[in-house]
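K.L.:
protein-v4.cif is the file, holding mmCIF, C-alpha atoms and all ligand atoms:
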data_entry
loop_
_atom_site.group_PDB
_atom_site.id
_atom_site.type_symbol
_atom_site.label_atom_id
_atom_site.label_comp_id
_atom_site.auth_asym_id
_atom_site.auth_seq_id
_atom_site.Cartn_x
_atom_site.Cartn_y
_atom_site.Cartn_z
ATOM 1 C CA MET A 843 84.674 34.434 15.552
ATOM 2 C CA LYS A 844 82.228 32.116 13.734
ATOM 3 C CA ILE A 845 82.289 30.461 10.340
ATOM 4 C CA LEU A 846 79.313 28.931 8.525
ATOM 5 C CA ILE A 847 79.491 25.741 6.492
ATOM 6 C CA ASP A 848 76.951 25.093 3.709
ATOM 7 C CA PRO A 849 75.659 21.605 2.729
ATOM 8 C CA LYS A 850 78.434 21.329 0.088
ATOM 9 C CA GLY A 851 81.192 22.080 2.655
ATOM 10 C CA ARG A 852 81.843 25.670 1.514
ATOM 11 C CA LYS A 853 83.011 28.048 4.255
ATOM 12 C CA TYR A 854 81.799 31.569 4.980
ATOM 13 C CA ILE A 855 83.309 33.883 7.602
ATOM 14 C CA PHE A 856 80.675 35.697 9.645
ATOM 15 C CA LYS A 857 81.613 39.395 9.656
ATOM 16 C CA GLY A 858 78.769 40.587 11.888
ATOM 17 C CA GLU A 859 76.450 41.484 8.976
ATOM 18 C CA ASP A 860 73.545 39.751 7.205
ATOM 19 C CA MET A 861 74.938 37.039 4.915
ATOM 20 C CA HIS A 862 73.849 36.571 1.302
ATOM 21 C CA THR A 863 74.523 33.004 0.181
ATOM 22 C CA LYS A 864 73.687 30.846 -2.874
ATOM 23 C CA ASP A 865 70.899 29.303 -0.799
ATOM 24 C CA GLY A 866 69.373 32.585 0.347
ATOM 25 C CA MET A 867 69.900 35.190 3.077
ATOM 26 C CA ILE A 868 70.753 34.612 6.750
ATOM 27 C CA LYS A 869 70.078 37.408 9.255
ATOM 28 C CA ALA A 870 73.061 38.535 11.379
ATOM 29 C CA ASP A 871 70.777 38.315 14.450
ATOM 30 C CA GLU A 872 70.158 34.617 13.784
ATOM 31 C CA ILE A 873 73.912 33.901 13.595
ATOM 32 C CA ASN A 874 74.648 35.974 16.712
ATOM 33 C CA LYS A 875 72.012 34.053 18.661
ATOM 34 C CA CYS A 876 73.208 30.652 17.423
ATOM 35 C CA GLU A 877 75.663 28.793 19.714
ATOM 36 C CA VAL A 878 78.846 27.395 18.118
ATOM 37 C CA GLY A 879 77.988 23.800 17.157
ATOM 38 C CA GLY A 880 74.392 24.700 16.214
ATOM 39 C CA THR A 881 72.774 25.486 12.833
ATOM 40 C CA VAL A 882 71.054 28.458 11.193
ATOM 41 C CA LYS A 883 68.612 28.479 8.254
ATOM 42 C CA THR A 884 68.617 30.690 5.149
ATOM 43 C CA HIS A 885 65.333 32.402 4.290
ATOM 44 C CA LEU A 886 64.824 29.571 1.730
ATOM 45 C CA GLY A 887 65.203 26.921 4.429
ATOM 46 C CA THR A 888 68.755 25.556 3.819
ATOM 47 C CA GLU A 889 70.674 24.680 7.014
ATOM 48 C CA TYR A 890 74.212 25.966 7.641
ATOM 49 C CA ALA A 891 76.454 24.650 10.445
ATOM 50 C CA VAL A 892 78.056 27.249 12.745
ATOM 51 C CA ILE A 893 81.576 26.476 14.056
ATOM 52 C CA HIS A 894 84.762 28.221 15.252
ATOM 53 C CA PRO A 895 87.427 28.739 12.555
ATOM 54 C CA ASN A 896 90.564 26.640 12.904
ATOM 55 C CA ILE A 897 94.056 27.178 11.507
ATOM 56 C CA THR A 898 93.163 25.741 8.049
ATOM 57 C CA ASP A 899 90.250 28.196 7.752
ATOM 58 C CA ILE A 900 92.527 31.048 8.823
ATOM 59 C CA LEU A 901 95.035 30.122 6.154
ATOM 60 C CA GLN A 902 92.370 30.050 3.450
ATOM 61 C CA LYS A 903 90.744 33.278 4.535
ATOM 62 C CA ALA A 904 93.761 35.404 5.556
ATOM 63 C CA ARG A 905 94.773 38.445 3.521
ATOM 64 C CA ARG A 906 98.035 37.987 1.642
ATOM 65 C CA GLY A 907 100.783 40.428 0.751
ATOM 66 C CA PRO A 908 104.140 38.770 0.008
ATOM 67 C CA GLN A 909 104.441 35.028 -0.652
ATOM 68 C CA ALA A 910 102.892 33.418 2.437
ATOM 69 C CA ILE A 911 103.898 30.084 3.901
ATOM 70 C CA THR A 912 101.651 27.065 3.190
ATOM 71 C CA LEU A 913 99.913 24.868 5.751
ATOM 72 C CA LYS A 914 102.198 21.884 5.060
ATOM 73 C CA ASP A 915 105.401 23.905 5.561
ATOM 74 C CA ALA A 916 104.119 25.910 8.548
ATOM 75 C CA SER A 917 102.980 22.713 10.312
ATOM 76 C CA LEU A 918 106.386 21.092 9.853
ATOM 77 C CA ILE A 919 108.165 24.240 11.035
ATOM 78 C CA VAL A 920 106.110 24.420 14.256
ATOM 79 C CA GLY A 921 106.748 20.700 14.901
ATOM 80 C CA TYR A 922 110.489 20.794 14.241
ATOM 81 C CA ALA A 923 110.858 24.013 16.266
ATOM 82 C CA ASN A 924 109.769 22.018 19.337
ATOM 83 C CA LEU A 925 107.361 24.770 20.425
ATOM 84 C CA HIS A 926 104.928 24.546 23.316
ATOM 85 C CA SER A 927 103.070 26.894 25.619
ATOM 86 C CA GLY A 928 105.567 29.414 27.031
ATOM 87 C CA SER A 929 108.310 28.911 24.383
ATOM 88 C CA LYS A 930 110.207 32.064 23.388
ATOM 89 C CA VAL A 931 110.217 32.380 19.606
ATOM 90 C CA LEU A 932 111.348 35.034 17.145
ATOM 91 C CA ASN A 933 110.159 35.116 13.522
ATOM 92 C CA SER A 934 111.370 37.154 10.533
ATOM 93 C CA GLY A 935 110.074 38.475 8.138
ATOM 94 C CA THR A 936 106.521 38.903 9.224
ATOM 95 C CA GLY A 937 105.077 39.113 5.687
ATOM 96 C CA SER A 938 101.315 38.514 5.916
ATOM 97 C CA GLY A 939 101.763 37.109 9.415
ATOM 98 C CA ILE A 940 100.675 33.571 8.522
ATOM 99 C CA ILE A 941 103.521 31.716 10.224
ATOM 100 C CA ASP A 942 103.146 34.100 13.200
ATOM 101 C CA ILE A 943 99.569 32.878 13.685
ATOM 102 C CA PHE A 944 100.777 29.248 13.847
ATOM 103 C CA LEU A 945 103.528 30.248 16.289
ATOM 104 C CA ALA A 946 101.114 32.334 18.397
ATOM 105 C CA TYR A 947 98.777 29.351 18.853
ATOM 106 C CA ALA A 948 101.691 27.109 19.841
ATOM 107 C CA VAL A 949 103.362 29.359 22.438
ATOM 108 C CA GLU A 950 100.430 31.228 24.061
ATOM 109 C CA PRO A 951 100.293 32.850 26.592
ATOM 110 C CA GLU A 952 103.906 33.763 25.626
ATOM 111 C CA LYS A 953 104.080 36.313 22.807
ATOM 112 C CA VAL A 954 105.787 35.866 19.450
ATOM 113 C CA ILE A 955 108.280 38.541 18.371
ATOM 114 C CA SER A 956 108.203 39.195 14.634
ATOM 115 C CA TYR A 957 110.713 41.430 12.747
ATOM 116 C CA GLU A 958 109.653 43.133 9.502
ATOM 117 C CA ILE A 959 111.164 45.935 7.418
ATOM 118 C CA ARG A 960 108.115 46.897 5.343
ATOM 119 C CA GLU A 961 105.307 48.834 6.978
ATOM 120 C CA ASP A 962 102.801 47.875 4.203
ATOM 121 C CA PHE A 963 103.328 44.149 4.946
ATOM 122 C CA ALA A 964 103.193 44.728 8.708
ATOM 123 C CA LYS A 965 99.826 46.415 8.170
ATOM 124 C CA ILE A 966 98.440 43.338 6.364
ATOM 125 C CA ALA A 967 99.732 41.087 9.153
ATOM 126 C CA ARG A 968 98.171 43.278 11.889
ATOM 127 C CA LYS A 969 94.811 43.127 10.043
ATOM 128 C CA ASN A 970 95.050 39.320 9.910
ATOM 129 C CA PHE A 971 95.837 39.143 13.645
ATOM 130 C CA GLU A 972 92.862 41.354 14.396
ATOM 131 C CA LYS A 973 90.550 39.379 12.083
ATOM 132 C CA PHE A 974 91.431 36.072 13.734
ATOM 133 C CA GLY A 975 91.643 37.326 17.330
ATOM 134 C CA ILE A 976 95.432 36.868 17.704
ATOM 135 C CA ASP A 977 96.774 39.180 20.411
ATOM 136 C CA ASN A 978 100.124 37.589 21.297
ATOM 137 C CA VAL A 979 102.280 38.690 18.329
ATOM 138 C CA GLU A 980 104.451 41.817 18.571
ATOM 139 C CA ILE A 981 105.692 43.149 15.228
ATOM 140 C CA LYS A 982 108.964 45.072 15.471
ATOM 141 C CA MET A 983 109.946 47.252 12.522
ATOM 142 C CA LYS A 984 113.542 46.062 12.427
ATOM 143 C CA ASN A 985 116.107 44.736 9.953
ATOM 144 C CA ILE A 986 117.136 41.348 11.325
ATOM 145 C CA TYR A 987 120.417 41.430 9.341
ATOM 146 C CA GLU A 988 121.534 44.115 11.816
ATOM 147 C CA GLY A 989 121.018 41.992 14.929
ATOM 148 C CA ILE A 990 118.552 40.444 17.388
ATOM 149 C CA ASP A 991 117.521 42.216 20.635
ATOM 150 C CA GLU A 992 115.932 39.254 22.423
ATOM 151 C CA GLU A 993 117.988 36.823 24.541
ATOM 152 C CA ASN A 994 117.609 33.189 25.512
ATOM 153 C CA LEU A 995 115.324 32.208 22.631
ATOM 154 C CA ASP A 996 113.936 28.670 22.221
ATOM 155 C CA ALA A 997 113.571 29.090 18.467
ATOM 156 C CA ILE A 998 114.180 31.476 15.589
ATOM 157 C CA ILE A 999 112.176 31.092 12.365
ATOM 158 C CA LEU A 1000 113.355 32.717 9.127
ATOM 159 C CA ASP A 1001 111.585 33.267 5.810
ATOM 160 C CA LEU A 1002 113.971 35.790 4.251
ATOM 161 C CA PRO A 1003 115.987 36.329 1.069
ATOM 162 C CA GLU A 1004 119.374 36.047 2.870
ATOM 163 C CA PRO A 1005 118.934 33.875 5.985
ATOM 164 C CA TRP A 1006 122.685 33.142 6.229
ATOM 165 C CA LEU A 1007 123.217 36.728 7.441
ATOM 166 C CA VAL A 1008 121.291 35.888 10.633
ATOM 167 C CA VAL A 1009 123.330 32.830 11.694
ATOM 168 C CA ARG A 1010 125.974 34.747 13.682
ATOM 169 C CA PHE A 1011 123.242 36.477 15.748
ATOM 170 C CA ALA A 1012 121.335 33.222 16.247
ATOM 171 C CA VAL A 1013 124.471 31.589 17.721
ATOM 172 C CA GLU A 1014 124.473 34.254 20.463
ATOM 173 C CA LYS A 1015 120.729 34.642 21.077
ATOM 174 C CA LEU A 1016 119.441 31.047 21.042
ATOM 175 C CA LYS A 1017 119.459 28.873 24.159
ATOM 176 C CA MET A 1018 121.921 25.995 23.884
ATOM 177 C CA GLY A 1019 119.940 23.268 22.058
ATOM 178 C CA GLY A 1020 117.598 25.928 20.627
ATOM 179 C CA ILE A 1021 116.296 25.611 17.079
ATOM 180 C CA LEU A 1022 116.978 27.812 14.059
ATOM 181 C CA ILE A 1023 114.748 27.122 11.043
ATOM 182 C CA SER A 1024 114.945 28.679 7.622
ATOM 183 C CA PHE A 1025 112.404 28.320 4.817
ATOM 184 C CA SER A 1026 113.751 29.169 1.342
ATOM 185 C CA PRO A 1027 112.167 28.747 -2.074
ATOM 186 C CA SER A 1028 115.509 28.052 -3.799
ATOM 187 C CA ILE A 1029 118.140 25.401 -3.090
ATOM 188 C CA GLU A 1030 120.951 27.925 -3.652
ATOM 189 C CA GLN A 1031 119.658 29.912 -0.647
ATOM 190 C CA SER A 1032 119.472 26.717 1.439
ATOM 191 C CA LYS A 1033 123.036 25.774 0.476
ATOM 192 C CA LYS A 1034 124.384 29.178 1.544
ATOM 193 C CA PHE A 1035 122.466 28.912 4.821
ATOM 194 C CA HIS A 1036 123.785 25.360 5.360
ATOM 195 C CA ASP A 1037 127.378 26.515 4.828
ATOM 196 C CA ALA A 1038 126.962 29.432 7.255
ATOM 197 C CA LEU A 1039 125.716 27.084 10.023
ATOM 198 C CA ASP A 1040 129.144 25.408 10.143
ATOM 199 C CA ILE A 1041 129.984 23.245 13.178
ATOM 200 C CA ASN A 1042 127.837 25.112 15.709
ATOM 201 C CA PHE A 1043 124.639 23.363 14.597
ATOM 202 C CA LEU A 1044 123.275 19.893 13.941
ATOM 203 C CA GLN A 1045 121.269 20.326 10.779
ATOM 204 C CA GLU A 1046 119.086 18.785 8.105
ATOM 205 C CA THR A 1047 117.403 20.121 4.952
ATOM 206 C CA PHE A 1048 114.256 18.723 3.331
ATOM 207 C CA GLU A 1049 111.200 19.665 1.327
ATOM 208 C CA CYS A 1050 107.652 18.500 1.909
ATOM 209 C CA VAL A 1051 105.772 17.115 -1.088
ATOM 210 C CA LEU A 1052 102.117 16.690 -0.132
ATOM 211 C CA ARG A 1053 99.835 14.707 -2.443
ATOM 212 C CA ASN A 1054 96.088 14.617 -1.894
ATOM 213 C CA TRP A 1055 93.972 11.640 -2.955
ATOM 214 C CA ASP A 1056 90.546 11.766 -4.566
ATOM 215 C CA MET A 1057 88.801 9.077 -2.539
ATOM 216 C CA LYS A 1058 85.770 8.903 -4.869
ATOM 217 C CA VAL A 1059 87.923 7.426 -7.621
ATOM 218 C CA VAL A 1060 90.671 6.215 -5.251
ATOM 219 C CA ARG A 1061 93.622 7.780 -7.055
ATOM 220 C CA PRO A 1062 95.871 10.795 -6.524
ATOM 221 C CA CYS A 1063 94.295 14.176 -7.301
ATOM 222 C CA SER A 1064 95.476 15.361 -10.701
ATOM 223 C CA ARG A 1065 96.397 18.819 -9.381
ATOM 224 C CA MET A 1066 98.943 19.443 -6.643
ATOM 225 C CA ILE A 1067 101.314 22.153 -5.431
ATOM 226 C CA ALA A 1068 104.542 20.501 -6.507
ATOM 227 C CA HIS A 1069 107.141 22.814 -4.983
ATOM 228 C CA THR A 1070 106.980 25.495 -2.319
ATOM 229 C CA GLY A 1071 110.421 25.548 -0.707
ATOM 230 C CA PHE A 1072 113.156 23.908 1.334
ATOM 231 C CA ILE A 1073 113.238 23.790 5.118
ATOM 232 C CA THR A 1074 116.535 23.701 7.005
ATOM 233 C CA VAL A 1075 116.304 22.783 10.680
ATOM 234 C CA ALA A 1076 119.408 23.535 12.758
ATOM 235 C CA ARG A 1077 119.978 22.818 16.450
ATOM 236 C CA LEU A 1078 122.547 24.869 18.341
ATOM 237 C CA ILE A 1079 125.142 22.568 19.919
ATOM 238 C CA SER A 1080 128.106 24.931 20.450
ATOM 239 C CA ARG A 1081 129.141 28.562 20.377
ATOM 240 C CA ASN A 1082 132.639 27.595 19.402
ATOM 241 C CA LYS A 1083 133.293 30.203 16.746
ATOM 242 C CA ALA A 1084 137.035 30.078 17.454
ATOM 243 C CA LYS A 1085 137.018 26.309 17.061
ATOM 244 C CA SER A 1086 135.127 26.644 13.854
ATOM 245 C CA GLU A 1087 137.770 29.052 12.553
ATOM 246 C CA GLU A 1088 140.478 26.607 13.692
ATOM 247 C CA ILE A 1089 138.788 23.816 11.780
ATOM 248 C CA LYS A 1090 138.637 26.010 8.702
ATOM 249 C CA ASP A 1091 142.378 26.754 9.080
ATOM 250 C CA MET A 1092 143.114 23.043 9.607
ATOM 251 C CA LYS A 1093 141.109 22.189 6.520
ATOM 252 C CA LYS A 1094 143.047 24.799 4.557
ATOM 253 C CA SER A 1095 146.467 23.580 5.734
ATOM 254 C CA GLU A 1096 145.422 19.975 4.993
ATOM 255 C CA GLU A 1097 144.369 21.057 1.515
ATOM 256 C CA ILE A 1098 147.731 22.783 1.039
ATOM 257 C CA LYS A 1099 149.534 19.609 2.269
ATOM 258 C CA ASP A 1100 147.462 17.490 -0.142
ATOM 259 C CA MET A 1101 148.280 19.860 -2.987
ATOM 260 C CA LYS A 1102 152.012 19.710 -2.166
ATOM 261 C CA LYS A 1103 151.865 15.907 -1.957
ATOM 262 C CA SER A 1104 150.153 15.615 -5.313
ATOM 263 C CA GLU A 1105 152.761 18.012 -6.826
ATOM 264 C CA GLU A 1106 155.555 15.833 -5.380
ATOM 265 C CA ILE A 1107 153.913 12.703 -6.767
ATOM 266 C CA LYS A 1108 153.635 14.387 -10.184
ATOM 267 C CA ASP A 1109 157.343 15.356 -10.041
ATOM 268 C CA MET A 1110 158.347 11.817 -9.007
ATOM 269 C CA LYS A 1111 156.313 10.334 -11.852
ATOM 270 C CA LYS A 1112 157.893 12.757 -14.308
ATOM 271 C CA SER A 1113 161.445 11.939 -13.190
ATOM 272 C CA GLU A 1114 160.636 8.204 -13.350
ATOM 273 C CA GLU A 1115 159.294 8.651 -16.876
ATOM 274 C CA ILE A 1116 162.485 10.516 -17.848
ATOM 275 C CA LYS A 1117 164.619 7.741 -16.339
ATOM 276 C CA SER A 1118 162.707 5.004 -18.149
ATOM 277 C CA ASP A 1119 163.011 7.008 -21.388
ATOM 278 C CA GLU A 1120 166.769 7.170 -20.862
ATOM 279 C CA VAL A 1121 166.949 3.392 -20.198
ATOM 280 C CA ASN A 1122 164.878 2.723 -23.331
ATOM 281 C CA ASN A 1123 167.146 4.991 -25.356
ATOM 282 C CA GLU A 1124 170.215 3.166 -24.039
ATOM 283 C CA VAL A 1125 168.725 -0.231 -24.911
ATOM 284 C CA GLU A 1126 167.745 1.024 -28.348
ATOM 285 C CA SER A 1127 171.222 2.414 -29.101
ATOM 286 C CA GLU A 1128 172.812 -0.859 -27.875
ATOM 287 C CA GLU A 1129 170.534 -2.825 -30.213
ATOM 288 C CA ILE A 1130 171.516 -0.553 -33.124
ATOM 289 C CA ASN A 1131 175.216 -1.005 -32.279
ATOM 290 C CA ASN A 1132 174.747 -4.782 -32.167
ATOM 291 C CA GLU A 1133 172.991 -4.737 -35.549
ATOM 292 C CA VAL A 1134 175.803 -2.669 -37.081
ATOM 293 C CA GLU A 1135 178.423 -5.070 -35.625
ATOM 294 C CA SER A 1136 176.632 -8.162 -36.934
ATOM 295 C CA GLU A 1137 176.291 -6.575 -40.407
ATOM 296 C CA LYS A 1138 180.049 -5.889 -40.432
ATOM 297 C CA ILE A 1139 180.768 -9.536 -39.510
ATOM 298 C CA ASN A 1140 178.403 -10.807 -42.252
ATOM 299 C CA ASN A 1141 180.134 -8.609 -44.823
HETATM 300 C C1 LIG A 1201 108.234 35.688 2.093
HETATM 301 S S1 LIG A 1201 107.809 36.953 3.218
HETATM 302 C C2 LIG A 1201 107.455 36.119 4.710
HETATM 303 C C3 LIG A 1201 106.088 35.497 4.726
HETATM 304 C C4 LIG A 1201 105.702 34.969 6.084
HETATM 305 N N1 LIG A 1201 106.536 33.842 6.474
HETATM 306 C C5 LIG A 1201 104.255 34.557 6.123
HETATM 307 O O1 LIG A 1201 103.984 33.392 6.443
HETATM 308 O O2 LIG A 1201 103.372 35.367 5.838
HETATM 309 C C6 LIG A 1201 109.381 37.696 3.542
HETATM 310 C C7 LIG A 1201 109.248 38.948 4.390
HETATM 311 O O3 LIG A 1201 110.519 39.269 4.925
HETATM 312 C C8 LIG A 1201 110.643 40.670 4.983
HETATM 313 N N2 LIG A 1201 112.087 40.970 5.075
HETATM 314 C C9 LIG A 1201 113.014 40.909 4.076
HETATM 315 N N3 LIG A 1201 114.238 41.226 4.543
HETATM 316 C C10 LIG A 1201 114.093 41.489 5.873
HETATM 317 C C11 LIG A 1201 115.007 41.856 6.903
HETATM 318 N N4 LIG A 1201 116.299 42.048 6.629
HETATM 319 N N5 LIG A 1201 114.539 42.020 8.165
HETATM 320 C C12 LIG A 1201 113.223 41.850 8.429
HETATM 321 N N6 LIG A 1201 112.297 41.491 7.481
HETATM 322 C C13 LIG A 1201 112.714 41.319 6.223
HETATM 323 C C14 LIG A 1201 109.954 41.123 3.695
HETATM 324 O O4 LIG A 1201 109.583 42.487 3.755
HETATM 325 C C15 LIG A 1201 108.761 40.162 3.636
HETATM 326 O O5 LIG A 1201 107.649 40.707 4.279
#
Can you present the structure in this file as structure tokens?
Ligand SMILES: C[S@@+](CC[C@H](N)C(=O)[O-])C[C@H]1O[C@@H](n2cnc3c(N)ncnc32)[C@H](O)[C@@H]1O
P.N.:
Amino acid sequence: MKILIDPKGRKYIFKGEDMHTKDGMIKADEINKCEVGGTVKTHLGTEYAVIHPNITDILQKARRGPQAITLKDASLIVGYANLHSGSKVLNSGTGSGIIDIFLAYAVEPEKVISYEIREDFAKIARKNFEKFGIDNVEIKMKNIYEGIDEENLDAIILDLPEPWLVVRFAVEKLKMGGILISFSPSIEQSKKFHDALDINFLQETFECVLRNWDMKVVRPCSRMIAHTGFITVARLISRNKAKSEEIKDMKKSEEIKDMKKSEEIKDMKKSEEIKSDEVNNEVESEEINNEVESEKINN
């Protein structure tokens, strides 16, 4: 695939047909003949550079169905997932297939497995793969909340409404030390996912705030995408579900002990208060008696 760049830096994808630009027409034959790295001229004489598209071009030019992941988040996910050529990775849901394209580049020649439940979204993703020459993604029409078929995975990537429902499958299907990553737009989703990870994973949650600078005026650009979502990265360190249950039970019995202790303390305080009230009453009544006695003597 080739893209053309005009003198102002605007990008055009070459689709195999004559191109009509602001600077005039370029014949498809001319572009076909031109080597990547060379230039072609419009019929009005303006030069366009011809290069291969890279991942940023793909992201700008891909078709979108559901909310697609951004470059900043996808880049972080690929980095934190520790992916390299040959890594076994599962992604869900496929959506428009944007994160799959990042994953496919990272793990080739290994293929990415991508679970999706909606055929209309899978169709958009397949078109994007075809458009950008990606042939190492397999979309499976499958509900990931019902389980994972693949074994021994290096990483699982989730961009789903209820990622916490996948944790119990991830514990079984990831390699020890494997990475589970979830991207969620809301912090409530991230919190539920965090709680489901329990003691089987080392984990951290963050968001990426990317600010561009306008270098002509040397100050931050006035427009930015402020919030996209939260990323939780979790590394499998045990499959100790039983232990995790034990810890929960221990926590519960400790809580019960603490509650009992605080009840006992309350009771003790109450009985001490009652005692001190009684002492005060005794002192008071003695004082009254003394006063009455002294009045009698005076009279
Ligand atoms: C926000 S989109 C994912 C976008 C994708 N990360 C991308 O970069 O294009 C969420 C997708 O998850 C799919 N989905 C929701 N629940 C699912 C499930 N239980 N199993 C598989 N896919 C699911 C939806 O149909 C939707 O396509």
K.L.:
To one decimal place in Å, what is the distance between CA of Phe1043 in chain A and CA of Glu980 in chain A?
P.N.:
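The value is 27.6 Å.
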K.L.:
Need the shell around range 925-939 of chain A: protein/DNA/RNA residues with any atom at most 7 Å away, counting all atoms listed in the file. Skip same-chain ones fewer than 2 positions apart. Format as a ChimeraX atom specification?
P.N.:
/A:905-908,910,920-921,923,941-943,948-952,954-958,963-964,966-967,995-1002
K.L.:
With only C-alpha atoms and all ligand atoms as the basis for distance, which of A:Tyr987, A:Phe1011, A:Tyr947, A:Phe1025 is at the shortest distance from ligand LIG 1201 (chain A)?
P.N.:
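Using only C-alpha atoms and all ligand atoms, the shortest distance to ligand LIG 1201 (chain A) belongs to A:Tyr987.
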K.L.:
Which residues come within 10 Å of Glu993 in chain A, counting only C-alpha atoms, excluding same-chain residues fewer than 4 positions away, as a count of residues only?
P.N.:
6
K.L.:
Within 6 Å of range 883-891 of chain A, counting only C-alpha atoms, which residues qualify if same-chain residues fewer than 2 places away don't, as a compact mmCIF listing (two decimals) with C-alpha atoms, in the frame of the given file?
P.N.:
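File around-v2.txt, as written:
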# COMPACT_ATOMS: atom_id res chain seq x y z
CA LEU A 846 79.31 28.93 8.52
CA ILE A 847 79.49 25.74 6.49
CA ASP A 848 76.95 25.09 3.71
CA GLY A 866 69.37 32.58 0.35
CA MET A 867 69.90 35.19 3.08
CA ILE A 868 70.75 34.61 6.75
CA THR A 881 72.77 25.49 12.83
K.L.:
How many Å separate CA of Ser1026 in chain A from CA of Pro1003 in chain A?
P.N.:
7.5 Å
K.L.:
I'd like the contact shell of Gly879 in chain A - 9 Å cut-off, all atoms listed in the file, skipping same-chain residues fewer than 3 positions apart - returned as a ChimeraX atom specification.
P.N.:
/A:876,891-894
K.L.:
Would you kindly return, as a ChimeraX atom specification, each protein, DNA or RNA residue with an atom no farther than 6 Å from any atom of Cys1063 in chain A, considering only C-alpha atoms and excluding same-chain residues fewer than 3 positions away?
P.N.:
/A:1054-1056
K.L.:
In Å to one decimal, how far is CA of Gly851 in chain A from CA of Glu872 in chain A?
P.N.:
20.1 Å
K.L.:
Identify which of the residues A:Ile911, A:Leu1078, A:Cys1050, A:Ala946 lies closest to ligand LIG 1201 (chain A), counting all atoms listed in the file when measuring atom-to-atom distances.
P.N.:
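Between A:Ile911, A:Leu1078, A:Cys1050, A:Ala946, the residue approaching ligand LIG 1201 (chain A) most closely is A:Ile911.
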K.L.:
Point out the residue among A:Glu988, A:Asp977, A:Glu1106, A:Glu1114 with the least atom-to-atom distance to ligand LIG 1201 (chain A), counting all atoms listed in the file.
P.N.:
A:Glu988
K.L.:
Evaluating the PyMOL selection byres (((chain A and resi 858) around 12) and not hetatm) on the displayed file yields which residues, as number ranges by chain?
P.N.:
A: 843-845, 854-857, 859-861, 868-875, 973
K.L.:
Could you tell me which of A:Ile897, A:Leu913, A:Val882, A:Ala1038 comes closest to ligand LIG 1201 (chain A) if we count all atoms listed in the file?
P.N.:
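Smallest distance to ligand LIG 1201 (chain A) is found for A:Leu913.
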K.L.:
When you count all atoms listed in the file, which of these residues is closest to Lys914 in chain A: A:Leu945, A:Val1075, A:Ile1067, A:Met1018?
P.N.:
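Between A:Leu945, A:Val1075, A:Ile1067, A:Met1018, the residue approaching Lys914 in chain A most closely is A:Ile1067.
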K.L.:
Between A:Asn896, A:Asp915, A:Ile940, A:Lys853, which one has atoms that come closest to Phe1072 in chain A, using only C-alpha atoms?
P.N.:
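Looking only at the distances to Phe1072 in chain A, the closest residue turns out to be A:Asp915.
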K.L.:
Translate the PyMOL selection byres (((chain A and resi 1044) around 6) and not hetatm) into a concrete residue list for this structure, as a short mmCIF file (atom, residue, chain, number, x, y, z; two decimals) with C-alpha atoms, keeping the file's coordinate frame.
P.N.:
data_model
loop_
_atom_site.label_atom_id
_atom_site.label_comp_id
_atom_site.auth_asym_id
_atom_site.auth_seq_id
_atom_site.Cartn_x
_atom_site.Cartn_y
_atom_site.Cartn_z
CA PHE A 1043 124.64 23.36 14.60
CA GLN A 1045 121.27 20.33 10.78
CA ALA A 1076 119.41 23.54 12.76
CA ARG A 1077 119.98 22.82 16.45
#
K.L.:
Quick one: range 1012-1022 of chain A with N, CA and C atoms, as a compact mmCIF listing (two decimals), in the first residue's frame?
P.N.:
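File decode.txt, as written:
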# COMPACT_ATOMS: atom_id res chain seq x y z
N ALA A 1012 -8.74 -16.05 32.62
CA ALA A 1012 -7.35 -15.59 32.38
C ALA A 1012 -6.38 -16.30 33.33
N VAL A 1013 -6.81 -16.53 34.58
CA VAL A 1013 -5.96 -17.21 35.56
C VAL A 1013 -5.55 -18.59 35.04
N GLU A 1014 -6.46 -19.27 34.34
CA GLU A 1014 -6.19 -20.62 33.84
C GLU A 1014 -5.42 -20.59 32.51
N LYS A 1015 -5.68 -19.60 31.66
CA LYS A 1015 -5.20 -19.67 30.28
C LYS A 1015 -3.93 -18.87 30.01
N LEU A 1016 -3.53 -18.01 30.95
CA LEU A 1016 -2.27 -17.27 30.77
C LEU A 1016 -1.10 -18.13 31.23
N LYS A 1017 0.07 -17.92 30.61
CA LYS A 1017 1.31 -18.51 31.15
C LYS A 1017 1.57 -17.86 32.50
N MET A 1018 2.29 -18.55 33.39
CA MET A 1018 2.67 -17.90 34.65
C MET A 1018 3.56 -16.70 34.29
N GLY A 1019 3.25 -15.54 34.85
CA GLY A 1019 3.99 -14.31 34.50
C GLY A 1019 3.37 -13.60 33.31
N GLY A 1020 2.36 -14.20 32.69
CA GLY A 1020 1.68 -13.58 31.54
C GLY A 1020 0.92 -12.33 31.96
N ILE A 1021 0.54 -11.53 30.96
CA ILE A 1021 -0.03 -10.21 31.24
C ILE A 1021 -1.49 -10.13 30.81
N LEU A 1022 -2.31 -9.62 31.73
CA LEU A 1022 -3.72 -9.35 31.44
C LEU A 1022 -3.91 -7.84 31.50
